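Source file: start_29.txt. Holds: compact mmCIF, C-alpha atoms.
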# COMPACT_ATOMS: atom_id res chain seq x y z
CA MET A 9 72.25 96.85 99.92
CA THR A 10 70.90 100.26 99.01
CA ASN A 11 71.69 102.85 96.39
CA GLU A 12 70.26 105.66 98.51
CA ALA A 13 72.88 108.35 98.95
CA THR A 14 73.72 109.81 102.33
CA HIS A 15 76.50 112.00 103.58
CA VAL A 16 78.33 112.21 106.88
CA GLU A 17 80.17 115.28 108.14
CA ILE A 18 83.25 113.53 109.49
CA ALA A 19 84.86 116.81 110.62
CA PRO A 20 83.77 120.46 110.30
CA GLY A 21 83.33 121.20 106.60
CA ILE A 22 84.34 117.68 105.50
CA HIS A 23 81.56 115.56 104.03
CA GLN A 24 81.87 111.89 103.11
CA ILE A 25 79.34 110.98 100.44
CA LEU A 26 78.09 107.43 100.87
CA LEU A 27 76.45 105.45 98.10
CA ASP A 28 76.09 101.66 98.10
CA GLN A 29 78.37 101.16 101.11
CA GLU A 30 77.90 97.42 101.55
CA ALA A 31 81.16 95.50 101.67
CA ARG A 32 81.55 92.73 99.14
CA PRO A 33 83.74 89.67 99.73
CA GLY A 34 87.31 90.12 98.60
CA VAL A 35 90.79 88.75 99.10
CA TYR A 36 91.93 91.88 100.93
CA GLY A 37 89.18 92.18 103.51
CA GLY A 38 86.17 93.14 101.42
CA VAL A 39 85.62 95.86 98.84
CA TYR A 40 83.44 98.89 99.46
CA ALA A 41 82.15 101.33 96.88
CA PRO A 42 84.46 104.33 96.37
CA ASN A 43 84.17 107.22 98.81
CA VAL A 44 83.84 110.77 97.51
CA TYR A 45 84.51 113.77 99.76
CA LEU A 46 83.35 117.38 99.57
CA VAL A 47 85.61 119.69 101.58
CA ILE A 48 84.29 123.21 102.20
CA GLY A 49 86.04 126.34 103.47
CA ARG A 50 84.92 129.96 103.75
CA ASP A 51 86.08 130.84 100.24
CA GLY A 52 85.66 127.66 98.25
CA ALA A 53 85.49 123.89 98.17
CA VAL A 54 87.02 120.80 96.57
CA PHE A 55 85.79 117.37 95.67
CA ILE A 56 88.19 114.53 96.39
CA ASP A 57 87.59 111.68 93.92
CA THR A 58 84.47 111.20 91.80
CA ALA A 59 83.57 107.47 91.83
CA TYR A 60 82.59 105.73 88.57
CA GLY A 61 80.53 108.56 87.07
CA LYS A 62 77.17 106.79 87.23
CA ASP A 63 74.03 108.94 87.14
CA ASP A 64 73.07 108.25 90.76
CA GLU A 65 76.60 109.03 91.95
CA LEU A 66 76.72 112.33 90.07
CA LYS A 67 73.30 113.28 91.43
CA ALA A 68 74.44 112.58 95.00
CA HIS A 69 77.55 114.72 94.58
CA LEU A 70 75.70 117.63 92.98
CA ASP A 71 72.80 117.44 95.45
CA LEU A 72 75.17 117.93 98.37
CA TRP A 73 77.08 120.70 96.59
CA GLU A 74 73.82 122.54 95.84
CA ALA A 75 72.57 122.01 99.40
CA LYS A 76 75.73 123.73 100.64
CA GLY A 77 75.07 126.78 98.47
CA LYS A 78 77.14 125.82 95.43
CA PRO A 79 80.51 126.97 96.79
CA ASN A 80 83.16 127.71 94.19
CA ILE A 81 84.93 124.44 93.35
CA GLU A 82 88.64 125.20 93.46
CA ALA A 83 89.60 121.71 92.30
CA ILE A 84 88.32 118.21 91.65
CA ILE A 85 91.18 116.24 93.15
CA LEU A 86 91.81 112.74 91.84
CA THR A 87 93.81 110.56 94.21
CA HIS A 88 94.96 108.16 91.46
CA ARG A 89 94.28 106.86 87.98
CA HIS A 90 91.79 104.03 88.55
CA GLY A 91 88.33 104.25 86.98
CA ASP A 92 86.35 103.95 90.21
CA HIS A 93 87.92 107.24 91.34
CA ILE A 94 88.13 109.28 88.12
CA GLY A 95 85.01 108.10 86.26
CA GLY A 96 82.84 111.04 87.22
CA ALA A 97 85.47 113.77 86.92
CA GLY A 98 84.49 115.07 83.49
CA ARG A 99 80.78 115.35 84.25
CA LEU A 100 81.41 116.84 87.68
CA ALA A 101 83.77 119.43 86.17
CA ASP A 102 81.18 120.34 83.54
CA ALA A 103 78.45 120.75 86.17
CA THR A 104 80.47 122.73 88.74
CA GLY A 105 83.12 124.51 86.68
CA GLY A 106 85.83 123.04 88.88
CA PRO A 107 89.23 122.20 87.35
CA ILE A 108 90.42 118.59 87.44
CA ALA A 109 93.66 118.05 89.39
CA CYS A 110 95.93 115.11 90.16
CA ALA A 111 99.58 114.35 90.94
CA THR A 112 102.11 115.21 88.27
CA ASP A 113 103.18 111.56 87.90
CA GLU A 114 99.60 110.44 87.24
CA ARG A 115 98.52 113.16 84.81
CA ASP A 116 99.10 111.34 81.51
CA ALA A 117 97.46 108.12 82.73
CA VAL A 118 94.45 109.99 84.09
CA ASN A 119 94.01 112.02 80.91
CA ALA A 120 94.14 108.83 78.83
CA ASP A 121 91.26 107.31 80.80
CA LEU A 122 89.05 110.32 81.56
CA LYS A 123 85.53 110.18 80.17
CA GLY A 124 85.41 113.83 79.16
CA GLY A 125 87.55 116.69 80.41
CA GLN A 126 91.29 116.81 81.00
CA VAL A 127 93.53 117.48 83.97
CA SER A 128 94.17 121.21 84.10
CA ARG A 129 96.22 121.31 87.31
CA ALA A 130 99.12 119.01 88.13
CA LEU A 131 99.79 118.94 91.86
CA LEU A 132 103.39 118.86 93.03
CA ASP A 133 104.45 117.26 96.29
CA GLY A 134 104.09 119.98 98.94
CA ASP A 135 101.54 122.06 97.00
CA SER A 136 98.57 123.43 98.94
CA ILE A 137 95.16 124.97 98.41
CA ASP A 138 93.71 127.51 100.85
CA LEU A 139 89.91 127.31 100.95
CA GLY A 140 89.62 129.89 103.73
CA GLY A 141 89.98 128.34 107.16
CA ALA A 142 90.75 125.04 105.49
CA THR A 143 94.20 124.38 104.07
CA LEU A 144 94.83 121.26 102.02
CA GLU A 145 98.40 120.02 101.56
CA PHE A 146 99.33 117.40 98.96
CA MET A 147 101.76 114.52 99.28
CA HIS A 148 102.97 112.26 96.50
CA THR A 149 102.71 108.75 97.97
CA PRO A 150 103.61 106.19 95.30
CA GLY A 151 102.74 102.58 95.90
CA HIS A 152 99.20 101.58 94.94
CA THR A 153 99.95 103.49 91.74
CA MET A 154 103.11 105.44 91.05
CA GLY A 155 101.17 108.71 91.05
CA SER A 156 99.01 108.13 94.12
CA LEU A 157 98.24 111.34 95.99
CA CYS A 158 97.38 111.85 99.65
CA THR A 159 95.81 115.08 100.91
CA VAL A 160 96.13 116.46 104.44
CA HIS A 161 93.44 118.80 105.81
CA ARG A 162 95.74 120.72 108.11
CA ASP A 163 93.03 122.36 110.21
CA SER A 164 91.40 119.08 111.28
CA GLY A 165 94.19 116.56 110.80
CA VAL A 166 92.19 114.46 108.33
CA LEU A 167 94.24 112.49 105.80
CA PHE A 168 92.52 111.63 102.51
CA SER A 169 94.37 108.49 101.47
CA GLY A 170 92.74 107.36 98.24
CA ASP A 171 93.49 103.66 97.82
CA MET A 172 96.85 103.83 99.58
CA ILE A 173 94.87 102.96 102.72
CA LEU A 174 91.45 101.31 102.81
CA GLY A 175 88.90 101.34 105.61
CA THR A 176 89.21 97.56 105.93
CA GLY A 177 91.85 95.16 104.67
CA THR A 178 94.84 96.08 102.55
CA THR A 179 95.09 97.62 99.11
CA VAL A 180 96.30 95.85 96.00
CA ILE A 181 99.85 96.55 94.81
CA SER A 182 100.16 95.33 91.21
CA PRO A 183 103.43 95.53 89.26
CA ASP A 184 101.73 97.14 86.26
CA HIS A 185 100.59 100.27 88.17
CA GLY A 186 102.35 100.20 91.53
CA ASP A 187 105.43 99.21 93.50
CA MET A 188 105.77 97.42 96.84
CA ALA A 189 108.99 99.10 97.95
CA ALA A 190 107.56 102.52 97.15
CA TYR A 191 104.39 101.63 99.07
CA ILE A 192 106.30 100.75 102.23
CA GLU A 193 108.38 103.92 101.97
CA SER A 194 105.23 106.01 101.53
CA MET A 195 103.75 104.46 104.69
CA ARG A 196 106.96 105.27 106.55
CA ARG A 197 106.77 108.86 105.33
CA LEU A 198 103.16 109.14 106.49
CA LEU A 199 104.30 108.04 109.96
CA THR A 200 106.32 111.27 110.15
CA VAL A 201 103.42 113.60 109.35
CA LYS A 202 102.42 115.46 112.53
CA GLY A 203 98.93 116.13 113.83
CA LEU A 204 96.85 113.55 111.98
CA THR A 205 93.58 112.63 113.67
CA MET A 206 91.86 110.30 111.20
CA ILE A 207 92.13 108.71 107.78
CA ALA A 208 89.38 109.23 105.19
CA PRO A 209 90.04 106.28 102.86
CA GLY A 210 89.18 105.68 99.23
CA HIS A 211 86.89 102.80 100.23
CA GLY A 212 85.25 101.81 103.48
CA PRO A 213 84.85 103.39 106.90
CA ILE A 214 86.84 106.17 108.52
CA ILE A 215 89.96 105.14 110.47
CA ASP A 216 90.40 106.88 113.84
CA SER A 217 93.95 105.74 114.66
CA PRO A 218 96.12 106.83 111.71
CA TYR A 219 99.59 106.15 113.07
CA GLU A 220 98.67 102.70 114.33
CA LYS A 221 97.23 101.98 110.87
CA PHE A 222 100.39 103.09 109.06
CA GLN A 223 102.52 100.80 111.24
CA GLU A 224 100.06 97.93 110.88
CA LEU A 225 100.28 98.16 107.08
CA ILE A 226 104.08 98.32 107.11
CA ASP A 227 104.25 95.30 109.41
CA HIS A 228 101.78 93.35 107.27
CA ARG A 229 103.74 93.94 104.06
CA LEU A 230 107.05 93.00 105.67
CA GLN A 231 105.54 89.86 107.21
CA ARG A 232 104.17 88.80 103.82
CA GLU A 233 107.54 89.55 102.22
CA ALA A 234 109.24 87.33 104.79
CA GLN A 235 106.69 84.59 104.10
CA VAL A 236 107.31 84.78 100.34
CA LEU A 237 111.10 84.69 100.83
CA LYS A 238 110.85 81.70 103.17
CA LEU A 239 108.67 79.78 100.72
CA VAL A 240 110.99 80.54 97.81
CA SER A 241 114.01 79.52 99.90
CA GLU A 242 112.29 76.20 100.61
CA GLY A 243 111.76 75.56 96.91
CA THR A 244 108.31 77.01 96.22
CA GLY A 245 109.44 78.67 93.04
CA THR A 246 106.44 79.54 90.89
CA VAL A 247 103.74 82.15 91.38
CA ASP A 248 101.04 79.47 91.17
CA ALA A 249 102.73 77.43 93.89
CA LEU A 250 103.18 80.51 96.06
CA LEU A 251 99.50 81.37 95.61
CA GLU A 252 98.49 77.93 96.83
CA ALA A 253 100.88 78.04 99.78
CA ILE A 254 99.97 81.55 100.93
CA TYR A 255 96.19 81.31 100.54
CA VAL A 256 95.75 77.96 102.24
CA GLY A 257 92.33 76.52 101.48
CA GLY A 258 92.08 78.48 98.26
CA ILE A 259 90.37 81.68 97.18
CA HIS A 260 87.69 82.42 94.63
CA PRO A 261 88.99 81.90 91.08
CA LYS A 262 88.03 85.46 90.17
CA LEU A 263 90.56 86.70 92.72
CA HIS A 264 93.50 84.60 91.46
CA ASP A 265 94.93 87.22 89.10
CA THR A 266 94.76 89.95 91.75
CA ALA A 267 96.47 87.73 94.32
CA LYS A 268 99.17 86.69 91.81
CA ASN A 269 99.92 90.32 91.02
CA GLN A 270 100.33 90.98 94.74
CA ILE A 271 102.82 88.12 94.97
CA LEU A 272 104.67 89.38 91.89
CA SER A 273 105.04 92.79 93.52
CA HIS A 274 106.66 91.19 96.56
CA LEU A 275 108.95 89.15 94.30
CA ALA A 276 109.94 92.27 92.34
CA LYS A 277 110.97 94.00 95.57
CA LEU A 278 112.90 90.93 96.73
CA GLN A 279 114.71 90.79 93.39
CA ARG A 280 115.73 94.45 93.64
CA ASP A 281 116.88 93.80 97.21
CA GLY A 282 119.12 91.00 95.90
CA LYS A 283 117.34 88.27 97.87
CA VAL A 284 115.58 86.45 95.02
CA LYS A 285 116.46 85.71 91.41
CA SER A 286 114.35 84.38 88.56
CA ASP A 287 114.90 82.00 85.66
CA ALA A 288 111.94 82.39 83.30
CA ALA A 289 108.88 81.77 85.53
CA GLU A 290 110.84 80.09 88.33
CA PHE A 291 112.09 82.00 91.36
CA SER A 292 114.83 80.97 93.78
CA ALA A 293 116.63 82.50 96.73
CA VAL A 294 120.03 84.10 96.22
Could you rewrite the structure in this file as structure tokens?
Amino acid sequence: MTNEATHVEIAPGIHQILLDQEARPGVYGGVYAPNVYLVIGRDGAVFIDTAYGKDDELKAHLDLWEAKGKPNIEAIILTHRHGDHIGGAGRLADATGGPIACATDERDAVNADLKGGQVSRALLDGDSIDLGGATLEFMHTPGHTMGSLCTVHRDSGVLFSGDMILGTGTTVISPDHGDMAAYIESMRRLLTVKGLTMIAPGHGPIIDSPYEKFQELIDHRLQREAQVLKLVSEGTGTVDALLEAIYVGGIHPKLHDTAKNQILSHLAKLQRDGKVKSDAAEFSAV
């Protein structure tokens, strides 16, 4: 593992800033440090996400910005509310003068957790920013959180997915911040977006087959939903019992709460679909 920062130009004018990119073991395929992107056009630039806000992260982001001639920062775009994506927003805004932006549905939650600064631009679904030869279009894609935001770089076909899509594994859908049904619908909507060439995820490596990835994630969620429904129909009625049945052989105790939340999100969708009902902590098929 190294904390030495590097950057990769994944497409013309699009820089992925890499810091501590070693995958750590996790229930959903391993967890990488958050990716931050600097997107540059003729007339300006944006940062997409800001990591935790640690000193070495901020230095890496500012070093690249300065090396590129300090282009005017039109926005510091936050893909969603979680601290590993918004932690550096206040300091980065102070250093560059760029306004902080996020989806309208995430604004209050982001503002509540920002370490300095406030969101000054709420992005509506369908909004765009023209950087000069680089047009960014914004899509509200609820699921991982209810205000998750995807950004399409129209000129290159790069999709910045935040944590809706990870470079490896699948993202966590917890009932406190997200929604499984909304996640699946967002993936289906992304399937209809024309001209995508790659996915620049919130964590992990670049994905070169976007449409195959969208379908893979839809299929995975529906397969897990079917597994949960089958288990409940057979009498496996508690979240603890479902955890044991789904993750055969067990998982690290530190991952139990995350895995249970994932199961609860599937159960919530099945309840809304009229396939499962609950009595206190016990679930049964309808």
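The residue that comes closest to Leu139 of chain A, out of A:Gln223, A:Gln235, A:Thr200, A:Asn80 and on the basis of all atoms listed in the file, is A:Asn80.
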Top pick for closest residue to Gly61 of chain A, considering A:Pro42, A:Gly243, A:Gly95, A:Pro79 and counting all atoms listed in the file:
A:Gly95
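Closest to His23 of chain A among A:Glu224, A:His88, A:Gly77, A:Ala208 is A:Ala208, based on all atoms listed in the file.
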Do you have the atom CA of Leu204 of chain A-atom CA of Ser164 of chain A distance handy?
7.8 Å
Mind running segment 163-242 of chain A against segment 141-144 of chain A at 12 Å and telling me each contacting residue's nearest atom pair with the distance in Å (one decimal), counting all atoms listed in the file, chain and number ascending, as a tab-separated table?
residue	atom	partner	partner_atom	distance
A:Asp163	CA	A:Ala142	CA	5.9
A:Ser164	CA	A:Ala142	CA	8.3
A:Gly165	CA	A:Leu144	CA	10.0
A:Val166	CA	A:Leu144	CA	9.6
A:Leu167	CA	A:Leu144	CA	9.6
A:Phe168	CA	A:Leu144	CA	9.9
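Atom pair atom CA of Ser241 of chain A / atom CA of Met195 of chain A: separated by 27.4 Å.
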Go through A:His148, A:His274, A:Lys67, A:Lys78 one by one, measure the shortest atom-to-atom distance of each to Thr112 of chain A using all atoms listed in the file, and give the residue with the smallest value.
A:His148
Between A:Ser286, A:Ser292, A:Thr266, A:Ser273, which residue has the minimum interatomic distance to Leu239 of chain A, considering all atoms listed in the file?
A:Ser292
Just the number, please: distance in Å from atom CA of Ile85 of chain A to atom CA of Val44 of chain A, one decimal.
10.1 Å
Show which residues sit within 12 Å of Ile271 of chain A, as a compact mmCIF listing (two decimals) with C-alpha atoms, keeping the file's coordinate frame. Count all atoms listed in the file, and ignore same-chain residues fewer than 2 positions away.
# COMPACT_ATOMS: atom_id res chain seq x y z
CA VAL A 180 96.30 95.85 96.00
CA ILE A 181 99.85 96.55 94.81
CA SER A 182 100.16 95.33 91.21
CA PRO A 183 103.43 95.53 89.26
CA ASP A 187 105.43 99.21 93.50
CA MET A 188 105.77 97.42 96.84
CA ARG A 229 103.74 93.94 104.06
CA ARG A 232 104.17 88.80 103.82
CA GLU A 233 107.54 89.55 102.22
CA ALA A 234 109.24 87.33 104.79
CA GLN A 235 106.69 84.59 104.10
CA VAL A 236 107.31 84.78 100.34
CA LEU A 237 111.10 84.69 100.83
CA LEU A 239 108.67 79.78 100.72
CA VAL A 240 110.99 80.54 97.81
CA GLY A 245 109.44 78.67 93.04
CA THR A 246 106.44 79.54 90.89
CA VAL A 247 103.74 82.15 91.38
CA ASP A 248 101.04 79.47 91.17
CA ALA A 249 102.73 77.43 93.89
CA LEU A 250 103.18 80.51 96.06
CA LEU A 251 99.50 81.37 95.61
CA GLU A 252 98.49 77.93 96.83
CA ALA A 253 100.88 78.04 99.78
CA ILE A 254 99.97 81.55 100.93
CA TYR A 255 96.19 81.31 100.54
CA HIS A 264 93.50 84.60 91.46
CA ASP A 265 94.93 87.22 89.10
CA THR A 266 94.76 89.95 91.75
CA ALA A 267 96.47 87.73 94.32
CA LYS A 268 99.17 86.69 91.81
CA ASN A 269 99.92 90.32 91.02
CA SER A 273 105.04 92.79 93.52
CA HIS A 274 106.66 91.19 96.56
CA LEU A 275 108.95 89.15 94.30
CA ALA A 276 109.94 92.27 92.34
CA LYS A 277 110.97 94.00 95.57
CA LEU A 278 112.90 90.93 96.73
CA PHE A 291 112.09 82.00 91.36
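Minimum distance to Ser217 of chain A across A:Leu157, A:Ile84, A:Leu66, A:Leu199 (counting only C-alpha atoms) occurs at A:Leu199.
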